[in-house]
>>> print(open('upload28.txt').read())   # compact mmCIF, C-alpha atoms
# COMPACT_ATOMS: atom_id res chain seq x y z
CA MET E 191 -26.50 -4.37 -7.02
CA LEU E 192 -23.82 -1.67 -6.75
CA ASP E 193 -26.34 0.62 -5.06
CA ASP E 194 -25.71 -1.35 -1.87
CA PHE E 195 -22.90 0.45 -0.01
CA LEU E 196 -21.71 -2.76 1.63
CA ILE E 197 -21.23 -4.47 -1.72
CA ARG E 198 -19.33 -1.45 -3.04
CA ALA E 199 -17.17 -1.49 0.10
CA ALA E 200 -16.47 -5.21 -0.30
CA LEU E 201 -15.48 -4.76 -3.94
CA ALA E 202 -13.18 -1.87 -2.97
CA GLY E 203 -11.57 -4.01 -0.27
CA LEU E 204 -11.05 -6.87 -2.70
CA GLY E 205 -9.42 -4.55 -5.23
CA LEU E 206 -7.00 -3.21 -2.64
CA ALA E 207 -6.23 -6.71 -1.33
CA ILE E 208 -5.39 -8.09 -4.76
CA ALA E 209 -3.12 -5.16 -5.60
CA ALA E 210 -1.40 -4.78 -2.24
CA ALA E 211 -0.61 -8.43 -1.45
CA PRO E 212 2.11 -9.17 -4.04
CA LEU E 213 3.70 -5.76 -3.49
CA GLY E 214 3.65 -6.40 0.23
CA CYS E 215 5.82 -9.46 -0.33
CA PHE E 216 8.48 -7.31 -1.99
CA VAL E 217 8.16 -4.75 0.82
CA ALA E 218 8.86 -7.55 3.30
CA TRP E 219 11.69 -9.13 1.30
CA ARG E 220 13.41 -5.79 0.70
CA ARG E 221 12.74 -4.55 4.26
CA MET E 222 10.98 -1.48 2.90
CA ALA E 223 8.39 -1.05 5.65
CA TYR E 224 9.58 2.47 6.45
CA PHE E 225 9.54 3.33 2.75
CA GLY E 226 5.89 2.30 2.60
CA ASP E 227 5.14 4.55 5.57
CA ALA E 228 6.93 7.52 4.02
CA THR E 229 5.09 7.28 0.71
CA ALA E 230 1.74 6.65 2.39
CA HIS E 231 2.11 9.66 4.70
CA ALA E 232 2.91 11.82 1.68
CA ALA E 233 -0.56 11.01 0.38
CA ILE E 234 -2.08 13.65 2.69
CA LEU E 235 0.04 16.30 1.00
CA GLY E 236 -1.31 14.93 -2.29
CA VAL E 237 -4.85 15.38 -1.01
CA ALA E 238 -4.12 19.04 -0.24
CA LEU E 239 -2.63 19.53 -3.71
CA SER E 240 -5.68 17.92 -5.35
CA LEU E 241 -8.12 20.12 -3.43
CA ALA E 242 -6.14 23.29 -4.17
CA LEU E 243 -5.98 22.57 -7.91
CA SER E 244 -9.44 20.97 -8.17
CA LEU E 245 -7.92 17.69 -9.36
CA PRO E 246 -9.08 14.14 -8.63
CA VAL E 247 -7.56 13.04 -5.32
CA VAL E 248 -5.88 10.04 -6.93
CA VAL E 249 -3.99 12.31 -9.38
CA GLY E 250 -2.53 14.63 -6.75
CA THR E 251 -1.75 11.74 -4.43
CA LEU E 252 0.04 9.77 -7.14
CA ALA E 253 2.13 12.79 -8.14
CA VAL E 254 3.23 13.62 -4.59
CA VAL E 255 3.99 9.99 -3.74
CA LEU E 256 6.22 9.66 -6.81
CA VAL E 257 8.04 12.88 -5.89
CA MET E 258 8.51 11.57 -2.35
CA ALA E 259 9.97 8.31 -3.65
CA ALA E 260 12.39 10.17 -5.93
CA LEU E 261 13.44 12.40 -3.03
CA VAL E 262 14.11 9.40 -0.80
CA TYR E 263 16.34 7.79 -3.41
CA ALA E 264 18.17 11.05 -4.14
CA LEU E 265 18.95 11.72 -0.48
CA SER E 266 19.97 8.13 0.24
CA GLU E 267 22.40 8.19 -2.69
CA ARG E 268 24.09 11.22 -1.12
CA GLY E 269 25.18 9.05 1.79
CA LEU E 270 22.43 9.83 4.29
CA ALA E 271 21.19 6.93 6.42
CA MET E 272 18.05 5.47 4.81
CA ASP E 273 16.16 5.00 8.10
CA THR E 274 16.86 8.62 9.09
CA VAL E 275 15.78 9.94 5.69
CA LEU E 276 12.57 7.93 5.76
CA GLY E 277 11.76 8.94 9.33
CA VAL E 278 12.25 12.64 8.62
CA LEU E 279 10.37 12.64 5.30
CA ALA E 280 7.48 10.46 6.50
CA HIS E 281 6.59 12.62 9.47
CA SER E 282 7.36 15.87 7.69
CA ALA E 283 5.14 14.99 4.72
CA LEU E 284 2.26 14.07 7.02
CA ALA E 285 2.62 17.28 9.06
CA PHE E 286 2.91 19.52 5.99
CA GLY E 287 -0.08 17.78 4.43
CA LEU E 288 -2.26 18.29 7.50
CA VAL E 289 -1.27 21.97 7.67
CA ALA E 290 -1.65 22.52 3.91
CA VAL E 291 -5.23 21.22 3.91
CA THR E 292 -6.26 24.00 6.31
CA PHE E 293 -5.05 26.65 3.84
CA VAL E 294 -7.18 25.41 0.93
CA PRO E 295 -9.92 28.05 0.56
CA GLY E 296 -13.54 27.00 0.82
CA VAL E 297 -12.73 23.42 1.84
CA ARG E 298 -14.06 21.82 4.97
CA LEU E 299 -13.40 18.12 5.13
CA ASP E 300 -13.18 15.29 7.61
CA LEU E 301 -9.47 14.47 7.77
CA SER E 302 -10.16 11.14 9.45
CA ALA E 303 -11.57 9.91 6.14
CA TYR E 304 -8.15 10.43 4.54
CA LEU E 305 -6.14 9.29 7.56
CA PHE E 306 -8.08 6.09 8.28
CA GLY E 307 -10.17 5.59 5.15
CA ASP E 308 -13.89 5.78 4.46
CA ILE E 309 -14.54 2.58 2.56
CA LEU E 310 -18.27 2.65 3.32
CA ALA E 311 -18.57 5.87 1.29
CA VAL E 312 -16.94 4.41 -1.83
CA SER E 313 -18.82 5.38 -4.99
CA LYS E 314 -19.03 3.69 -8.37
CA SER E 315 -16.42 6.08 -9.75
CA ASP E 316 -14.15 5.28 -6.79
CA LEU E 317 -14.56 1.60 -7.58
CA ALA E 318 -13.57 2.21 -11.18
CA VAL E 319 -10.39 3.99 -10.05
CA ILE E 320 -9.52 1.34 -7.44
CA TRP E 321 -9.98 -1.59 -9.81
CA THR E 322 -8.21 0.15 -12.70
CA GLY E 323 -5.23 0.72 -10.41
CA ALA E 324 -5.41 -2.81 -9.03
CA VAL E 325 -5.47 -4.44 -12.46
CA ALA E 326 -2.61 -2.22 -13.65
CA VAL E 327 -0.47 -3.09 -10.60
CA VAL E 328 -1.14 -6.82 -10.83
CA ALA E 329 -0.36 -6.81 -14.57
CA LEU E 330 2.88 -4.91 -13.95
CA VAL E 331 3.98 -7.27 -11.17
CA VAL E 332 3.16 -10.37 -13.21
CA TRP E 333 5.04 -8.97 -16.21
CA ARG E 334 8.14 -8.06 -14.19
CA TRP E 335 7.90 -10.81 -11.54
CA GLN E 336 11.07 -12.69 -12.35
CA ALA E 337 13.10 -9.52 -12.86
CA LEU E 338 11.83 -8.00 -9.63
CA LEU E 339 12.54 -11.22 -7.77
CA THR E 340 16.07 -11.50 -9.15
CA ALA E 341 16.85 -7.87 -8.26
CA THR E 342 15.46 -8.46 -4.77
CA VAL E 343 17.51 -11.60 -4.14
CA SER E 344 20.78 -10.09 -5.36
CA PRO E 345 21.53 -6.90 -7.31
CA ASP E 346 24.79 -8.49 -8.47
CA LEU E 347 22.90 -11.48 -9.83
CA ALA E 348 20.53 -9.09 -11.59
CA TRP E 349 23.44 -7.28 -13.28
CA ALA E 350 24.92 -10.64 -14.31
CA SER E 351 21.55 -11.63 -15.81
CA GLY E 352 21.40 -8.47 -17.91
CA LEU E 353 18.93 -6.70 -15.64
CA ASP E 354 19.21 -3.23 -14.14
CA PRO E 355 18.21 -3.48 -10.44
CA ARG E 356 17.74 0.29 -10.30
CA ARG E 357 15.12 0.07 -13.04
CA GLU E 358 13.33 -2.72 -11.17
CA SER E 359 13.36 -0.58 -8.02
CA ARG E 360 11.75 2.25 -9.97
CA ILE E 361 9.09 -0.12 -11.31
CA LEU E 362 8.36 -1.34 -7.79
CA THR E 363 8.17 2.24 -6.55
CA LEU E 364 5.69 3.13 -9.31
CA ALA E 365 3.50 0.18 -8.36
CA LEU E 366 3.62 1.15 -4.68
CA ALA E 367 2.66 4.73 -5.57
CA VAL E 368 -0.39 3.52 -7.50
CA VAL E 369 -1.49 1.32 -4.58
CA VAL E 370 -1.11 4.19 -2.12
CA ALA E 371 -3.09 6.50 -4.41
CA VAL E 372 -6.03 4.14 -4.81
CA ALA E 373 -5.97 2.89 -1.21
CA ILE E 374 -6.37 6.23 0.53
CA LYS E 375 -10.15 6.01 0.13
CA VAL E 376 -10.20 2.46 1.51
CA VAL E 377 -7.91 2.39 4.55
CA GLY E 378 -6.41 5.89 4.65
CA ALA E 379 -2.85 7.19 4.60
CA LEU E 380 -1.96 5.88 8.05
CA LEU E 381 -3.00 2.28 7.41
CA VAL E 382 -1.93 1.67 3.79
CA SER E 383 1.44 0.26 4.81
CA ALA E 384 -0.27 -2.09 7.25
CA MET E 385 -2.31 -3.64 4.44
CA LEU E 386 0.88 -4.01 2.43
CA LEU E 387 2.98 -5.61 5.14
CA ILE E 388 0.74 -7.63 7.47
CA PRO E 389 -0.77 -10.03 4.87
CA ALA E 390 2.72 -10.74 3.51
CA ALA E 391 4.04 -11.35 7.02
CA ALA E 392 1.10 -13.64 7.75
CA ALA E 393 1.72 -15.61 4.55
CA ARG E 394 5.44 -16.16 5.15
CA PRO E 395 5.10 -19.07 7.67
CA LEU E 396 2.81 -20.95 5.27
CA ALA E 397 4.70 -20.35 2.03
CA ARG E 398 7.19 -22.67 0.35
CA SER E 399 8.16 -20.40 -2.55
CA PRO E 400 7.98 -16.70 -3.45
CA GLU E 401 5.04 -17.36 -5.75
CA SER E 402 3.10 -19.25 -3.09
CA MET E 403 3.79 -16.46 -0.60
CA ALA E 404 2.28 -13.89 -2.97
CA VAL E 405 -0.81 -16.06 -3.54
CA ILE E 406 -1.29 -16.78 0.17
CA ALA E 407 -0.77 -13.09 0.98
CA ALA E 408 -3.53 -12.23 -1.48
CA GLY E 409 -5.81 -14.75 0.24
CA VAL E 410 -4.99 -13.31 3.66
CA ALA E 411 -5.64 -9.77 2.40
CA VAL E 412 -9.01 -10.79 0.95
CA LEU E 413 -10.00 -12.48 4.22
CA ALA E 414 -8.86 -9.43 6.18
CA ALA E 415 -10.84 -7.06 3.94
CA LEU E 416 -14.06 -9.06 4.08
CA GLY E 417 -13.62 -10.06 7.73
CA GLY E 418 -12.89 -6.47 8.74
CA LEU E 419 -15.98 -5.22 6.93
CA TRP E 420 -18.11 -7.89 8.56
CA GLY E 421 -16.71 -6.98 11.97
CA ALA E 422 -17.29 -3.28 11.33
CA PHE E 423 -20.92 -3.96 10.39
CA LEU E 424 -21.46 -6.29 13.35
CA PHE E 425 -19.78 -4.20 16.06
CA ASP E 426 -20.19 -0.71 14.55
CA THR E 427 -16.44 -0.08 14.40
CA PRO E 428 -14.40 1.91 11.83
CA ALA E 429 -14.10 -0.20 8.68
CA GLY E 430 -10.50 0.59 7.68
CA PRO E 431 -8.95 -0.09 11.10
CA SER E 432 -11.17 -3.18 11.44
CA MET E 433 -9.63 -4.59 8.24
CA VAL E 434 -6.15 -4.09 9.65
CA CYS E 435 -7.22 -5.70 12.94
CA ALA E 436 -8.48 -8.73 11.00
CA ALA E 437 -5.15 -8.97 9.17
CA ALA E 438 -3.30 -8.77 12.49
CA VAL E 439 -5.43 -11.59 13.93
CA ILE E 440 -4.62 -13.78 10.92
CA PHE E 441 -0.92 -12.92 11.34
CA GLY E 442 -1.15 -14.04 14.96
CA GLY E 443 -2.73 -17.30 13.87
CA THR E 444 -0.12 -18.15 11.23
CA THR E 445 2.68 -17.22 13.62
CA LEU E 446 1.21 -19.59 16.20
CA VAL E 447 0.99 -22.35 13.61
CA GLN E 448 4.67 -21.82 12.81
CA ARG E 449 5.58 -22.02 16.51
CA LEU E 450 3.61 -25.24 16.94
CA ARG E 451 5.28 -26.77 13.90
CA GLY E 452 8.72 -25.83 15.20
>>> encode(input="upload28.txt", output="structure tokens")
Amino acid sequence: MLDDFLIRAALAGLGLAIAAAPLGCFVAWRRMAYFGDATAHAAILGVALSLALSLPVVVGTLAVVLVMAALVYALSERGLAMDTVLGVLAHSALAFGLVAVTFVPGVRLDLSAYLFGDILAVSKSDLAVIWTGAVAVVALVVWRWQALLTATVSPDLAWASGLDPRRESRILTLALAVVVAVAIKVVGALLVSAMLLIPAAAARPLARSPESMAVIAAGVAVLAALGGLWGAFLFDTPAGPSMVCAAAVIFGGTTLVQRLRG
């Protein structure tokens, strides 16, 4: 069954959807959209590192994304404006990554596969990596859900409850790094943040609690992944961008429902 590339692509899309949806809710609640962009753009630099050192792409990507996250926090703690730091680092990491790839000897690759994803070329080993990462992220979020939620609502409340909000931020950053690392094959570095944010934004008008928002976001992400793949097959369009387009259409629909209710 897994010899069918469409089935492998669908399974890869489902894995990404399940992992990205709950994290996307925290990205929306914490207003971390630019942070998601910065870490995702750094993934291209991770690709260059992996090719230069003959490492699996997911290893180099994960390492660079974690370094990027640490750099963002370090610079922001020195008093620099967070939006400025993220803007500079996001575009710089992407540019350095694109340049670095050209210096890797003996490598000729299609950069569009890393920028926009190549889900239709997902292999069985890619599926194993994607689903291992997805299960690990979901388990981590479920384990730390209440602590992450408390730290998101109010750092002061977290301190009063015996929690360290900085530790929860680091846990969230680790989970985001894993999602970015496994998602680069599915939707690419430029569209990872879209699959984090859009399903969560689409779920918000329909949700009545944080938990329901995470569940609805997962449902939206699954529909977007499968609907985008179906649209790509039907209209011969790029699969990764088609998944994001499907998520955007669902977001438009839920926003319209909210307007009609109001």
>>> residues_near_point(input="upload28.txt", point="(-8.0, -10.7, 14.7)", cutoff="12 Å", atoms="all atoms listed in the file", output="list in words")
Ile388, Ala392, Val410, Leu413, Ala414, Ala415, Gly417, Gly418, Gly421, Pro431, Ser432, Met433, Val434, Cys435, Ala436, Ala437, Ala438, Val439, Ile440, Phe441, Gly442, Gly443 and Thr444 of chain E
>>> closest_residue(input="upload28.txt", among="E:Leu284, E:Ala271, E:Val248, E:Ile197", to="Leu305 of chain E", atoms="all atoms listed in the file")
E:Leu284
>>> atom_distance(input="upload28.txt", atom1="atom CA of Ala264 of chain E", atom2="atom CA of Ala391 of chain E")
28.7 Å
>>> residues_around(input="upload28.txt", residues="segment 221-234 of chain E", least_positions_apart="4", cutoff="6 Å", atoms="only C-alpha atoms", output="list in words")
Val217, Thr251, Val255, Leu276, Ala280, Ala283, Leu284, Gly287, Val370, Ala379 and Ser383 of chain E
>>> closest_residue(input="upload28.txt", among="E:Val247, E:Leu279, E:Leu256, E:Leu424", to="Thr363 of chain E", atoms="only C-alpha atoms")
E:Leu256
>>> atom_distance(input="upload28.txt", atom1="atom CA of Val368 of chain E", atom2="atom CA of Val278 of chain E")
22.4 Å
>>> closest_atom_pairs(input="upload28.txt", of="segment 342-411 of chain E", to="segment 309-329 of chain E", cutoff="7 Å", atoms="all atoms listed in the file", output="Markdown table")
| residue | atom | partner | partner_atom | distance |
| --- | --- | --- | --- | --- |
| E:Ala365 | CA | E:Val327 | CA | 5.6 |
| E:Val368 | CA | E:Gly323 | CA | 6.3 |
| E:Val369 | CA | E:Gly323 | CA | 7.0 |
| E:Val372 | CA | E:Ile320 | CA | 5.2 |
| E:Lys375 | CA | E:Ile309 | CA | 6.1 |
| E:Val376 | CA | E:Ile309 | CA | 4.5 |
| E:Val377 | CA | E:Ile309 | CA | 6.9 |
>>> write_last_selection(input="upload28.txt", atoms="C-alpha atoms", output="PDB file, in the coordinates of the input")
ATOM      1  CA  ALA E 365       3.500   0.180  -8.360  1.00  0.00           C
ATOM      2  CA  VAL E 368      -0.390   3.520  -7.500  1.00  0.00           C
ATOM      3  CA  VAL E 369      -1.490   1.320  -4.580  1.00  0.00           C
ATOM      4  CA  VAL E 372      -6.030   4.140  -4.810  1.00  0.00           C
ATOM      5  CA  LYS E 375     -10.150   6.010   0.130  1.00  0.00           C
ATOM      6  CA  VAL E 376     -10.200   2.460   1.510  1.00  0.00           C
ATOM      7  CA  VAL E 377      -7.910   2.390   4.550  1.00  0.00           C
TER       8      VAL E 377
END
>>> closest_residue(input="upload28.txt", among="E:Phe286, E:Asp194, E:Ala390, E:Gly203", to="Gly307 of chain E", atoms="only C-alpha atoms")
E:Gly203
>>> closest_residue(input="upload28.txt", among="E:Ala393, E:Leu338, E:Ala210, E:Ala373", to="Arg356 of chain E", atoms="only C-alpha atoms")
E:Leu338
>>> atom_distance(input="upload28.txt", atom1="atom CA of Gly236 of chain E", atom2="atom CA of Val289 of chain E")
12.2 Å
>>> closest_residue(input="upload28.txt", among="E:Leu396, E:Met403, E:Ala411, E:Leu241", to="Arg449 of chain E", atoms="all atoms listed in the file")
E:Leu396
>>> residues_around(input="upload28.txt", residues="Ile361 of chain E", least_positions_apart="3", cutoff="10 Å", atoms="only C-alpha atoms", output="ChimeraX atom specification")
/E:330-331,334,338,355-358,364-367
>>> decode(input="upload28.txt", residues="segment 201-317 of chain E", atoms="C-alpha atoms", output="PDB file, in the first residue's frame")
ATOM      1  CA  LEU E 201       0.096  10.068   5.465  1.00  0.00           C
ATOM      2  CA  ALA E 202       2.839  12.709   5.519  1.00  0.00           C
ATOM      3  CA  GLY E 203       0.237  15.476   5.389  1.00  0.00           C
ATOM      4  CA  LEU E 204      -1.729  13.897   8.219  1.00  0.00           C
ATOM      5  CA  GLY E 205       1.390  13.625  10.366  1.00  0.00           C
ATOM      6  CA  LEU E 206       2.223  17.283   9.854  1.00  0.00           C
ATOM      7  CA  ALA E 207      -1.380  18.349  10.496  1.00  0.00           C
ATOM      8  CA  ILE E 208      -1.617  16.487  13.790  1.00  0.00           C
ATOM      9  CA  ALA E 209       1.685  17.897  15.050  1.00  0.00           C
ATOM     10  CA  ALA E 210       1.300  21.467  13.814  1.00  0.00           C
ATOM     11  CA  ALA E 211      -2.299  22.171  14.867  1.00  0.00           C
ATOM     12  CA  PRO E 212      -1.937  22.317  18.682  1.00  0.00           C
ATOM     13  CA  LEU E 213       1.342  24.217  18.390  1.00  0.00           C
ATOM     14  CA  GLY E 214      -0.333  26.637  16.019  1.00  0.00           C
ATOM     15  CA  CYS E 215      -2.814  27.502  18.748  1.00  0.00           C
ATOM     16  CA  PHE E 216       0.025  28.550  21.050  1.00  0.00           C
ATOM     17  CA  VAL E 217       1.619  30.493  18.183  1.00  0.00           C
ATOM     18  CA  ALA E 218      -1.665  32.380  17.779  1.00  0.00           C
ATOM     19  CA  TRP E 219      -2.249  32.911  21.509  1.00  0.00           C
ATOM     20  CA  ARG E 220       1.308  34.121  22.102  1.00  0.00           C
ATOM     21  CA  ARG E 221       1.387  36.178  18.882  1.00  0.00           C
ATOM     22  CA  MET E 222       4.478  34.311  17.725  1.00  0.00           C
ATOM     23  CA  ALA E 223       3.789  34.337  13.983  1.00  0.00           C
ATOM     24  CA  TYR E 224       7.056  36.136  13.229  1.00  0.00           C
ATOM     25  CA  PHE E 225       8.918  33.695  15.464  1.00  0.00           C
ATOM     26  CA  GLY E 226       7.540  30.824  13.396  1.00  0.00           C
ATOM     27  CA  ASP E 227       8.743  32.539  10.224  1.00  0.00           C
ATOM     28  CA  ALA E 228      12.228  33.113  11.629  1.00  0.00           C
ATOM     29  CA  THR E 229      12.717  29.509  12.701  1.00  0.00           C
ATOM     30  CA  ALA E 230      11.236  28.139   9.481  1.00  0.00           C
ATOM     31  CA  HIS E 231      13.483  30.295   7.291  1.00  0.00           C
ATOM     32  CA  ALA E 232      16.495  29.079   9.253  1.00  0.00           C
ATOM     33  CA  ALA E 233      15.672  25.580   8.032  1.00  0.00           C
ATOM     34  CA  ILE E 234      17.335  26.328   4.672  1.00  0.00           C
ATOM     35  CA  LEU E 235      20.594  27.019   6.485  1.00  0.00           C
ATOM     36  CA  GLY E 236      20.069  23.656   8.204  1.00  0.00           C
ATOM     37  CA  VAL E 237      19.700  21.998   4.816  1.00  0.00           C
ATOM     38  CA  ALA E 238      23.046  23.449   3.723  1.00  0.00           C
ATOM     39  CA  LEU E 239      24.686  22.235   6.943  1.00  0.00           C
ATOM     40  CA  SER E 240      23.250  18.735   6.460  1.00  0.00           C
ATOM     41  CA  LEU E 241      24.495  18.497   2.882  1.00  0.00           C
ATOM     42  CA  ALA E 242      27.961  19.788   3.796  1.00  0.00           C
ATOM     43  CA  LEU E 243      28.363  17.293   6.654  1.00  0.00           C
ATOM     44  CA  SER E 244      26.489  14.419   4.954  1.00  0.00           C
ATOM     45  CA  LEU E 245      23.898  14.364   7.737  1.00  0.00           C
ATOM     46  CA  PRO E 246      20.178  13.620   7.491  1.00  0.00           C
ATOM     47  CA  VAL E 247      18.378  16.851   6.592  1.00  0.00           C
ATOM     48  CA  VAL E 248      16.184  16.655   9.680  1.00  0.00           C
ATOM     49  CA  VAL E 249      19.266  16.623  11.962  1.00  0.00           C
ATOM     50  CA  GLY E 250      20.904  19.715  10.495  1.00  0.00           C
ATOM     51  CA  THR E 251      17.587  21.538  10.288  1.00  0.00           C
ATOM     52  CA  LEU E 252      16.707  20.793  13.899  1.00  0.00           C
ATOM     53  CA  ALA E 253      20.119  21.967  15.115  1.00  0.00           C
ATOM     54  CA  VAL E 254      20.027  25.260  13.199  1.00  0.00           C
ATOM     55  CA  VAL E 255      16.431  25.988  14.192  1.00  0.00           C
ATOM     56  CA  LEU E 256      17.261  25.501  17.876  1.00  0.00           C
ATOM     57  CA  VAL E 257      20.278  27.805  17.551  1.00  0.00           C
ATOM     58  CA  MET E 258      18.084  30.397  15.842  1.00  0.00           C
ATOM     59  CA  ALA E 259      15.532  30.224  18.653  1.00  0.00           C
ATOM     60  CA  ALA E 260      18.245  30.643  21.290  1.00  0.00           C
ATOM     61  CA  LEU E 261      19.667  33.615  19.388  1.00  0.00           C
ATOM     62  CA  VAL E 262      16.261  35.286  19.195  1.00  0.00           C
ATOM     63  CA  TYR E 263      15.741  34.964  22.943  1.00  0.00           C
ATOM     64  CA  ALA E 264      19.272  36.154  23.726  1.00  0.00           C
ATOM     65  CA  LEU E 265      18.966  39.277  21.574  1.00  0.00           C
ATOM     66  CA  SER E 266      15.472  40.117  22.812  1.00  0.00           C
ATOM     67  CA  GLU E 267      16.658  39.901  26.426  1.00  0.00           C
ATOM     68  CA  ARG E 268      19.299  42.534  25.621  1.00  0.00           C
ATOM     69  CA  GLY E 269      16.538  45.052  25.011  1.00  0.00           C
ATOM     70  CA  LEU E 270      16.229  44.835  21.230  1.00  0.00           C
ATOM     71  CA  ALA E 271      12.713  45.050  19.795  1.00  0.00           C
ATOM     72  CA  MET E 272      11.406  41.518  19.180  1.00  0.00           C
ATOM     73  CA  ASP E 273       9.786  42.315  15.811  1.00  0.00           C
ATOM     74  CA  THR E 274      13.033  43.893  14.565  1.00  0.00           C
ATOM     75  CA  VAL E 275      15.127  40.953  15.767  1.00  0.00           C
ATOM     76  CA  LEU E 276      12.803  38.439  14.129  1.00  0.00           C
ATOM     77  CA  GLY E 277      12.652  40.380  10.874  1.00  0.00           C
ATOM     78  CA  VAL E 278      16.432  40.658  10.606  1.00  0.00           C
ATOM     79  CA  LEU E 279      17.143  37.047  11.592  1.00  0.00           C
ATOM     80  CA  ALA E 280      14.381  35.511   9.461  1.00  0.00           C
ATOM     81  CA  HIS E 281      15.482  37.108   6.218  1.00  0.00           C
ATOM     82  CA  SER E 282      19.177  36.823   7.003  1.00  0.00           C
ATOM     83  CA  ALA E 283      18.916  33.099   7.779  1.00  0.00           C
ATOM     84  CA  LEU E 284      17.028  32.468   4.539  1.00  0.00           C
ATOM     85  CA  ALA E 285      19.545  34.453   2.472  1.00  0.00           C
ATOM     86  CA  PHE E 286      22.591  32.838   4.103  1.00  0.00           C
ATOM     87  CA  GLY E 287      21.010  29.419   3.646  1.00  0.00           C
ATOM     88  CA  LEU E 288      20.360  29.959  -0.064  1.00  0.00           C
ATOM     89  CA  VAL E 289      23.926  31.203  -0.567  1.00  0.00           C
ATOM     90  CA  ALA E 290      25.475  28.438   1.562  1.00  0.00           C
ATOM     91  CA  VAL E 291      23.806  25.692  -0.473  1.00  0.00           C
ATOM     92  CA  THR E 292      25.640  26.869  -3.597  1.00  0.00           C
ATOM     93  CA  PHE E 293      29.010  26.365  -1.878  1.00  0.00           C
ATOM     94  CA  VAL E 294      28.401  22.714  -0.981  1.00  0.00           C
ATOM     95  CA  PRO E 295      30.680  20.758  -3.342  1.00  0.00           C
ATOM     96  CA  GLY E 296      29.166  18.183  -5.652  1.00  0.00           C
ATOM     97  CA  VAL E 297      25.574  19.074  -4.765  1.00  0.00           C
ATOM     98  CA  ARG E 298      22.995  20.049  -7.330  1.00  0.00           C
ATOM     99  CA  LEU E 299      19.510  20.231  -5.920  1.00  0.00           C
ATOM    100  CA  ASP E 300      16.143  21.763  -6.632  1.00  0.00           C
ATOM    101  CA  LEU E 301      15.776  24.471  -4.002  1.00  0.00           C
ATOM    102  CA  SER E 302      12.043  24.746  -4.644  1.00  0.00           C
ATOM    103  CA  ALA E 303      11.642  21.345  -2.985  1.00  0.00           C
ATOM    104  CA  TYR E 304      13.012  22.805   0.249  1.00  0.00           C
ATOM    105  CA  LEU E 305      11.312  26.188  -0.108  1.00  0.00           C
ATOM    106  CA  PHE E 306       7.831  24.915  -0.986  1.00  0.00           C
ATOM    107  CA  GLY E 307       7.987  21.222  -0.125  1.00  0.00           C
ATOM    108  CA  ASP E 308       7.913  18.067  -2.215  1.00  0.00           C
ATOM    109  CA  ILE E 309       5.335  15.956  -0.449  1.00  0.00           C
ATOM    110  CA  LEU E 310       4.732  13.765  -3.498  1.00  0.00           C
ATOM    111  CA  ALA E 311       8.331  12.521  -3.255  1.00  0.00           C
ATOM    112  CA  VAL E 312       8.026  11.441   0.387  1.00  0.00           C
ATOM    113  CA  SER E 313       9.622   8.038   0.978  1.00  0.00           C
ATOM    114  CA  LYS E 314       8.954   5.414   3.627  1.00  0.00           C
ATOM    115  CA  SER E 315      11.940   6.638   5.630  1.00  0.00           C
ATOM    116  CA  ASP E 316      10.615  10.207   5.390  1.00  0.00           C
ATOM    117  CA  LEU E 317       7.283   8.970   6.710  1.00  0.00           C
TER     118      LEU E 317
END
